[in-house]
$ cat coords-v3.cif   # mmCIF, C-alpha atoms and all ligand atoms
data_upload
loop_
_atom_site.label_atom_id
_atom_site.label_comp_id
_atom_site.auth_asym_id
_atom_site.auth_seq_id
_atom_site.Cartn_x
_atom_site.Cartn_y
_atom_site.Cartn_z
CA MET Q 1443 9.47 -7.40 -6.67
CA LYS Q 1444 7.33 -4.89 -4.78
CA LEU Q 1445 4.36 -3.98 -6.97
CA VAL Q 1446 1.57 -1.41 -6.70
CA ILE Q 1447 -1.27 -1.58 -9.22
CA LEU Q 1448 -3.00 1.78 -9.53
CA GLY Q 1449 -6.22 2.80 -11.18
CA ARG Q 1450 -5.97 5.77 -13.54
CA ASP Q 1451 -9.12 7.89 -13.73
CA GLY Q 1452 -9.90 9.39 -10.33
CA THR Q 1453 -6.61 8.17 -8.86
CA LEU Q 1454 -3.91 9.76 -11.04
CA ASN Q 1455 -6.13 12.27 -12.85
CA PRO Q 1456 -9.47 13.85 -11.98
CA VAL Q 1457 -12.49 12.10 -13.42
CA ALA Q 1458 -14.02 13.89 -16.39
CA ASP Q 1459 -17.73 14.36 -17.02
CA ASP Q 1460 -17.23 12.16 -20.04
CA TYR Q 1461 -14.35 10.05 -21.37
CA ILE Q 1462 -10.89 11.57 -21.59
CA THR Q 1463 -10.32 11.26 -25.32
CA SER Q 1464 -7.11 13.23 -25.92
CA ALA Q 1465 -3.85 14.14 -24.21
CA ASP Q 1466 -5.04 17.76 -23.97
CA GLU Q 1467 -7.85 16.60 -21.69
CA TRP Q 1468 -5.57 14.65 -19.37
CA ASN Q 1469 -4.21 16.42 -16.30
CA ALA Q 1470 -2.68 14.94 -13.19
CA MET Q 1471 -4.35 15.04 -9.80
CA PRO Q 1472 -2.36 17.38 -7.51
CA GLY Q 1473 0.24 15.35 -5.60
CA ALA Q 1474 -0.54 12.04 -7.32
CA LEU Q 1475 2.54 11.85 -9.53
CA GLU Q 1476 4.78 12.89 -6.64
CA ALA Q 1477 3.26 10.00 -4.68
CA VAL Q 1478 4.24 7.62 -7.50
CA ALA Q 1479 7.80 8.95 -7.35
CA ARG Q 1480 7.97 8.38 -3.60
CA LEU Q 1481 6.87 4.78 -4.13
CA ASN Q 1482 9.57 4.32 -6.76
CA HIS Q 1483 12.25 5.76 -4.53
CA ALA Q 1484 11.31 3.23 -1.87
CA GLY Q 1485 11.73 0.38 -4.36
CA TRP Q 1486 8.11 -0.09 -5.44
CA HIS Q 1487 7.21 -0.67 -9.07
CA VAL Q 1488 4.02 1.04 -10.20
CA VAL Q 1489 1.77 -0.30 -12.97
CA VAL Q 1490 -1.57 1.19 -13.99
CA ALA Q 1491 -4.66 -0.91 -14.78
CA THR Q 1492 -7.52 0.99 -16.38
CA ASN Q 1493 -10.85 0.30 -18.07
CA GLN Q 1494 -11.05 2.31 -21.28
CA PRO Q 1495 -14.39 1.31 -22.81
CA GLY Q 1496 -14.30 4.46 -24.96
CA LEU Q 1497 -11.96 2.48 -27.20
CA GLY Q 1498 -14.48 -0.30 -27.72
CA ARG Q 1499 -17.18 2.27 -28.32
CA GLY Q 1500 -15.07 4.05 -30.91
CA LEU Q 1501 -14.91 7.36 -29.01
CA PHE Q 1502 -11.11 7.48 -29.38
CA ASP Q 1503 -8.45 5.23 -30.86
CA VAL Q 1504 -5.30 3.54 -29.56
CA MET Q 1505 -3.12 6.36 -30.91
CA ALA Q 1506 -5.04 8.86 -28.79
CA LEU Q 1507 -4.77 6.60 -25.76
CA ASN Q 1508 -1.03 6.24 -26.31
CA ALA Q 1509 -0.70 10.02 -26.54
CA ILE Q 1510 -2.53 10.39 -23.23
CA HIS Q 1511 -0.19 7.90 -21.59
CA THR Q 1512 2.91 9.46 -23.14
CA LYS Q 1513 1.89 12.73 -21.49
CA MET Q 1514 1.34 10.91 -18.20
CA HIS Q 1515 4.74 9.15 -18.37
CA ARG Q 1516 6.49 12.44 -19.15
CA GLN Q 1517 4.85 14.22 -16.23
CA VAL Q 1518 5.73 11.38 -13.84
CA ALA Q 1519 9.32 11.47 -15.08
CA ALA Q 1520 9.42 15.24 -14.53
CA VAL Q 1521 8.90 14.68 -10.80
CA GLY Q 1522 11.41 11.83 -10.65
CA GLY Q 1523 9.02 8.89 -10.90
CA ARG Q 1524 8.18 6.09 -13.27
CA ILE Q 1525 5.10 4.11 -14.21
CA ASP Q 1526 6.40 0.81 -15.57
CA ALA Q 1527 3.41 0.13 -17.79
CA VAL Q 1528 -0.25 0.87 -18.41
CA PHE Q 1529 -2.49 -2.15 -18.93
CA TYR Q 1530 -5.95 -1.30 -20.26
CA CYS Q 1531 -9.17 -3.10 -21.02
CA PRO Q 1532 -10.42 -1.69 -24.35
CA HIS Q 1533 -13.78 -3.42 -24.20
CA ALA Q 1534 -17.23 -2.00 -23.74
CA ALA Q 1535 -19.33 -3.44 -20.93
CA ASP Q 1536 -21.45 -5.54 -23.31
CA GLU Q 1537 -18.44 -7.29 -24.85
CA ASN Q 1538 -18.27 -9.73 -21.92
CA CYS Q 1539 -14.46 -9.80 -21.75
CA THR Q 1540 -12.54 -11.13 -18.76
CA CYS Q 1541 -10.26 -8.10 -18.39
CA ARG Q 1542 -12.80 -5.39 -17.59
CA LYS Q 1543 -12.68 -4.51 -13.90
CA PRO Q 1544 -14.26 -5.59 -11.55
CA LEU Q 1545 -13.16 -8.88 -13.10
CA PRO Q 1546 -9.54 -9.61 -12.20
CA GLY Q 1547 -8.21 -10.53 -15.68
CA LEU Q 1548 -6.27 -7.32 -16.26
CA LEU Q 1549 -4.66 -7.37 -12.82
CA GLU Q 1550 -3.82 -11.05 -13.18
CA GLN Q 1551 -2.07 -10.30 -16.48
CA ILE Q 1552 0.07 -7.74 -14.67
CA CYS Q 1553 1.00 -10.19 -11.90
CA ASP Q 1554 1.88 -12.86 -14.44
CA ARG Q 1555 3.96 -10.45 -16.53
CA TYR Q 1556 5.97 -9.32 -13.52
CA GLY Q 1557 6.08 -12.67 -11.75
CA VAL Q 1558 4.54 -11.33 -8.55
CA GLU Q 1559 2.32 -13.36 -6.23
CA ARG Q 1560 -1.20 -11.99 -6.36
CA GLN Q 1561 -1.59 -11.80 -2.58
CA ASP Q 1562 1.56 -9.66 -2.31
CA VAL Q 1563 0.36 -6.90 -4.65
CA GLN Q 1564 -0.94 -3.60 -3.33
CA VAL Q 1565 -4.04 -2.68 -5.36
CA VAL Q 1566 -4.88 1.00 -4.99
CA GLY Q 1567 -7.65 2.94 -6.65
CA SER Q 1568 -10.55 5.33 -6.32
CA SER Q 1569 -13.18 3.11 -7.93
CA LEU Q 1570 -14.99 0.19 -6.33
CA ALA Q 1571 -14.41 -1.79 -9.54
CA HIS Q 1572 -10.63 -1.49 -9.15
CA VAL Q 1573 -10.74 -2.64 -5.52
CA LEU Q 1574 -13.11 -5.51 -6.38
CA ALA Q 1575 -10.75 -6.68 -9.13
CA GLY Q 1576 -7.96 -6.77 -6.57
CA ALA Q 1577 -10.18 -8.63 -4.12
CA ALA Q 1578 -11.04 -11.26 -6.72
CA MET Q 1579 -7.36 -12.23 -6.94
CA GLY Q 1580 -6.61 -11.94 -3.21
CA ALA Q 1581 -4.47 -8.80 -3.28
CA ARG Q 1582 -4.03 -6.15 -0.58
CA LEU Q 1583 -6.72 -3.56 -1.07
CA HIS Q 1584 -6.73 0.21 -0.76
CA LEU Q 1585 -9.45 2.71 -1.65
CA VAL Q 1586 -8.39 6.35 -2.07
CA CYS Q 1587 -11.06 9.01 -1.50
CA THR Q 1588 -10.44 10.97 -4.69
CA GLY Q 1589 -12.20 11.02 -8.04
CA GLN Q 1590 -15.29 8.82 -7.91
CA SER Q 1591 -14.74 8.35 -4.17
CA ALA Q 1592 -14.21 12.05 -3.34
CA PRO Q 1593 -17.45 12.15 -1.27
CA LEU Q 1594 -15.98 9.51 1.07
CA VAL Q 1595 -13.67 10.08 4.01
CA PRO Q 1596 -11.47 7.60 5.87
CA GLY Q 1597 -13.34 6.46 8.94
CA GLY Q 1598 -16.66 7.56 7.48
CA GLU Q 1599 -19.43 5.61 5.83
CA LEU Q 1600 -18.12 3.34 3.08
CA PRO Q 1601 -19.77 2.11 -0.10
CA ALA Q 1602 -21.82 -1.07 0.04
CA GLY Q 1603 -19.84 -3.96 -1.35
CA LEU Q 1604 -16.39 -2.66 -0.38
CA PRO Q 1605 -14.42 -5.85 0.33
CA PRO Q 1606 -13.62 -6.51 3.98
CA GLY Q 1607 -10.08 -5.51 4.88
CA THR Q 1608 -9.91 -2.67 2.37
CA GLN Q 1609 -7.87 0.19 3.80
CA VAL Q 1610 -9.26 3.65 3.10
CA HIS Q 1611 -7.00 6.66 2.51
CA ALA Q 1612 -7.77 10.31 1.82
CA SER Q 1613 -5.47 10.38 -1.21
CA LEU Q 1614 -2.76 8.47 -3.03
CA GLY Q 1615 -0.23 10.49 -1.05
CA ASP Q 1616 -1.79 9.31 2.20
CA PHE Q 1617 -1.62 5.69 1.02
CA VAL Q 1618 2.09 6.18 0.41
CA ASN Q 1619 2.53 7.78 3.82
CA GLN Q 1620 1.06 4.67 5.39
CA LEU Q 1621 3.00 2.22 3.23
CA LEU Q 1622 6.34 3.94 3.80
CA PRO Q 1623 6.51 5.04 7.45
CA VAL Q 1624 10.17 4.05 7.66
CA VAL Q 1625 11.05 6.26 4.72
CA LEU Q 1626 9.37 9.20 6.40
CA ALA Q 1627 11.25 8.57 9.63
CA SER Q 1628 14.63 8.19 7.98
CA ALA Q 1629 14.11 11.45 6.11
CA THR Q 1630 13.82 13.25 9.42
CA PRO Q 1631 16.69 12.50 11.82
CA ALA Q 1632 14.77 13.91 14.78
CA LEU Q 1633 11.98 11.39 14.19
CA VAL Q 1634 14.46 8.51 13.96
CA GLN Q 1635 15.93 9.61 17.28
CA ALA Q 1636 12.47 9.80 18.83
CA SER Q 1637 11.50 6.35 17.59
CA VAL Q 1638 14.73 4.85 18.97
CA LEU Q 1639 14.01 6.41 22.34
CA LEU Q 1640 10.43 5.14 22.29
CA SER Q 1641 11.48 1.63 21.38
CA THR Q 1642 14.09 1.41 24.18
CA PRO Q 1643 12.49 -0.18 27.23
CA THR Q 1644 12.61 2.08 30.25
CA PRO Q 1645 14.23 0.25 33.17
CA THR Q 1646 11.65 -0.35 35.85
CA PRO Q 1647 13.05 -0.23 39.39
CA MET Q 1648 12.60 -3.46 41.27
CA PRO Q 1649 10.35 -3.13 44.29
CA GLY Q 1650 12.36 -1.99 47.23
CA THR Q 1651 15.45 -0.95 45.27
CA GLY Q 1652 14.41 2.68 44.85
CA ILE Q 1653 15.78 4.99 42.23
CA VAL Q 1654 19.41 5.98 42.53
ZN ZN C 1 -11.59 -6.24 -21.48
#
$ encode --input "coords-v3.cif" --output "structure tokens"
Amino acid sequence: MKLVILGRDGTLNPVADDYITSADEWNAMPGALEAVARLNHAGWHVVVATNQPGLGRGLFDVMALNAIHTKMHRQVAAVGGRIDAVFYCPHAADENCTCRKPLPGLLEQICDRYGVERQDVQVVGSSLAHVLAGAAMGARLHLVCTGQSAPLVPGGELPAGLPPGTQVHASLGDFVNQLLPVVLASATPALVQASVLLSTPTPTPMPGTGIV
């Protein structure tokens, strides 16, 4: 199974000044849900892993969180996509759990649930904690420069502590563009034709034979 584990805040929705505590406060990042749908259409399953310490701190309850995610699922479905599940860590930082990113517990639960090897999973998010959680279990790592990472640009200066080998993308859509180059080519017959031509070796005349 091809699996992408996404962060939520800053990756699928803009980061708020404070916690998002109700469905009314949740809005999708432009283009993010369409990017999820493109992954799905190429055979990738998408699961979200998110720290929600506002639960542990009593700022909102599980019903409110479920309402937020119901809204998210509906909006993804409206553009033809699907998020298989949302796994969340409900703990506050001082609860010393093993599932709060940057620890890998939450991501490992997802891999175990879906029976996917940890090194095969694409871990994609806008927060260093999400990428570090992926690194701790040996996954393939992608930082998107939205949300918390909006000041960053691919090819520019990167945050200290970003794991080696992390690929940096301007947005979730750009990550998908890079993951699915074949899909892009097949959607455009002219590009397929061009790639066939490029991949066909040009006969090189032998010395002395000339060109007929
Ligand atoms: Zn936790």
$ residues_near_ligand --input "coords-v3.cif" --ligand "ligand ZN 1 (chain C)" --cutoff "12 Å" --atoms "all atoms listed in the file" --output "PyMOL selection string"
chain Q and resi 1491-1498+1529-1549+1551
$ residues_around --input "coords-v3.cif" --residues "Q:Ser1613" --least-positions-apart "2" --cutoff "9 Å" --atoms "only C-alpha atoms" --output "ChimeraX atom specification"
/Q:1453,1473-1474,1568,1585-1588,1610-1611,1615-1618
$ atom_distance --input "coords-v3.cif" --atom1 "atom CA of Q:Asn1619" --atom2 "atom CA of Q:Ala1477"
8.8 Å
$ residues_around --input "coords-v3.cif" --residues "stretch 1461-1472 of chain Q" --least-positions-apart "2" --cutoff "6 Å" --atoms "only C-alpha atoms" --output "PyMOL selection string"
chain Q and resi 1454-1456+1474+1502+1506+1509-1510
$ residues_around --input "coords-v3.cif" --residues "Q:Gln1561" --least-positions-apart "5" --cutoff "10 Å" --atoms "all atoms listed in the file" --output "list in words"
Cys1553, Gly1576, Ala1577, Met1579, Gly1580, Ala1581, Arg1582 and Leu1583 of chain Q
$ closest_residue --input "coords-v3.cif" --among "Q:Arg1560, Q:Pro1605, Q:Asp1451, Q:Ala1592" --to "Q:Val1573" --atoms "all atoms listed in the file"
Q:Pro1605
$ atom_distance --input "coords-v3.cif" --atom1 "atom CA of Q:Thr1512" --atom2 "atom CA of Q:Gln1564"
24.0 Å
$ atom_distance --input "coords-v3.cif" --atom1 "atom CA of Q:Val1566" --atom2 "atom CA of Q:Gly1449"
6.6 Å
$ closest_residue --input "coords-v3.cif" --among "Q:Pro1596, Q:Ala1484, Q:Ser1591, Q:Arg1555" --to "Q:His1572" --atoms "only C-alpha atoms"
Q:Ser1591
$ closest_residue --input "coords-v3.cif" --among "Q:Asp1460, Q:Asp1526, Q:Glu1599, Q:Asp1503" --to "Q:Val1478" --atoms "only C-alpha atoms"
Q:Asp1526
$ closest_residue --input "coords-v3.cif" --among "Q:Leu1445, Q:Ala1602, Q:Leu1570, Q:Leu1481" --to "Q:Val1518" --atoms "only C-alpha atoms"
Q:Leu1481
$ residues_around --input "coords-v3.cif" --residues "stretch 1457-1459 of chain Q" --least-positions-apart "5" --cutoff "8 Å" --atoms "all atoms listed in the file" --output "list in words"
Asp1451, Gly1452, Gly1589 and Gln1590 of chain Q
$ axis_aligned_box --input "coords-v3.cif" --around "stretch 1571-1580 of chain Q" --padding-each-side "4 Å" --output "JSON"
{"center_x": -10.5, "center_y": -6.9, "center_z": -6.4, "size_x": 15.8, "size_y": 18.7, "size_z": 14.3}
$ closest_residue --input "coords-v3.cif" --among "Q:Val1488, Q:Met1505, Q:Leu1622, Q:Leu1475" --to "Q:Val1563" --atoms "all atoms listed in the file"
Q:Val1488
$ decode --input "coords-v3.cif" --residues "stretch 1497-1552 of chain Q" --atoms "C-alpha atoms" --output "CSV table (one decimal), in the first residue's frame"
chain,number,residue,atom,x,y,z
Q,1497,LEU,CA,-7.6,18.5,24.0
Q,1498,GLY,CA,-5.3,17.7,26.9
Q,1499,ARG,CA,-5.5,21.3,28.1
Q,1500,GLY,CA,-9.3,21.2,28.0
Q,1501,LEU,CA,-9.6,24.0,25.4
Q,1502,PHE,CA,-11.9,21.8,23.3
Q,1503,ASP,CA,-13.3,18.3,23.5
Q,1504,VAL,CA,-13.3,15.2,21.3
Q,1505,MET,CA,-16.7,16.1,19.9
Q,1506,ALA,CA,-15.4,19.5,18.7
Q,1507,LEU,CA,-12.4,17.8,17.2
Q,1508,ASN,CA,-14.6,15.2,15.4
Q,1509,ALA,CA,-16.7,18.1,14.0
Q,1510,ILE,CA,-13.6,19.8,12.6
Q,1511,HIS,CA,-12.5,16.5,10.9
Q,1512,THR,CA,-16.0,15.9,9.6
Q,1513,LYS,CA,-15.8,19.2,7.9
Q,1514,MET,CA,-12.3,18.4,6.5
Q,1515,HIS,CA,-13.5,15.0,5.2
Q,1516,ARG,CA,-16.5,16.6,3.5
Q,1517,GLN,CA,-14.4,19.2,1.8
Q,1518,VAL,CA,-11.9,16.7,0.6
Q,1519,ALA,CA,-14.7,14.5,-0.7
Q,1520,ALA,CA,-16.1,17.6,-2.5
Q,1521,VAL,CA,-13.0,17.8,-4.7
Q,1522,GLY,CA,-12.9,14.0,-5.3
Q,1523,GLY,CA,-10.4,13.0,-2.6
Q,1524,ARG,CA,-10.3,11.0,0.6
Q,1525,ILE,CA,-8.4,11.1,3.9
Q,1526,ASP,CA,-8.5,7.6,5.2
Q,1527,ALA,CA,-8.1,8.5,8.8
Q,1528,VAL,CA,-6.9,11.2,11.3
Q,1529,PHE,CA,-4.7,10.0,14.1
Q,1530,TYR,CA,-4.2,12.6,16.8
Q,1531,CYS,CA,-2.1,13.0,20.0
Q,1532,PRO,CA,-4.5,14.5,22.6
Q,1533,HIS,CA,-1.7,15.1,25.2
Q,1534,ALA,CA,-0.2,18.3,26.4
Q,1535,ALA,CA,3.5,18.6,26.3
Q,1536,ASP,CA,4.0,17.9,30.0
Q,1537,GLU,CA,2.1,14.6,29.9
Q,1538,ASN,CA,5.2,12.8,28.6
Q,1539,CYS,CA,3.3,10.6,26.1
Q,1540,THR,CA,5.0,8.7,23.3
Q,1541,CYS,CA,2.6,9.8,20.6
Q,1542,ARG,CA,3.3,13.5,20.6
Q,1543,LYS,CA,5.4,14.5,17.6
Q,1544,PRO,CA,8.4,14.8,17.3
Q,1545,LEU,CA,8.3,11.4,18.9
Q,1546,PRO,CA,7.3,8.8,16.3
Q,1547,GLY,CA,4.6,6.9,18.3
Q,1548,LEU,CA,1.6,8.3,16.4
Q,1549,LEU,CA,3.2,7.7,13.0
Q,1550,GLU,CA,4.3,4.2,14.0
Q,1551,GLN,CA,0.6,3.4,15.0
Q,1552,ILE,CA,-0.4,4.4,11.5
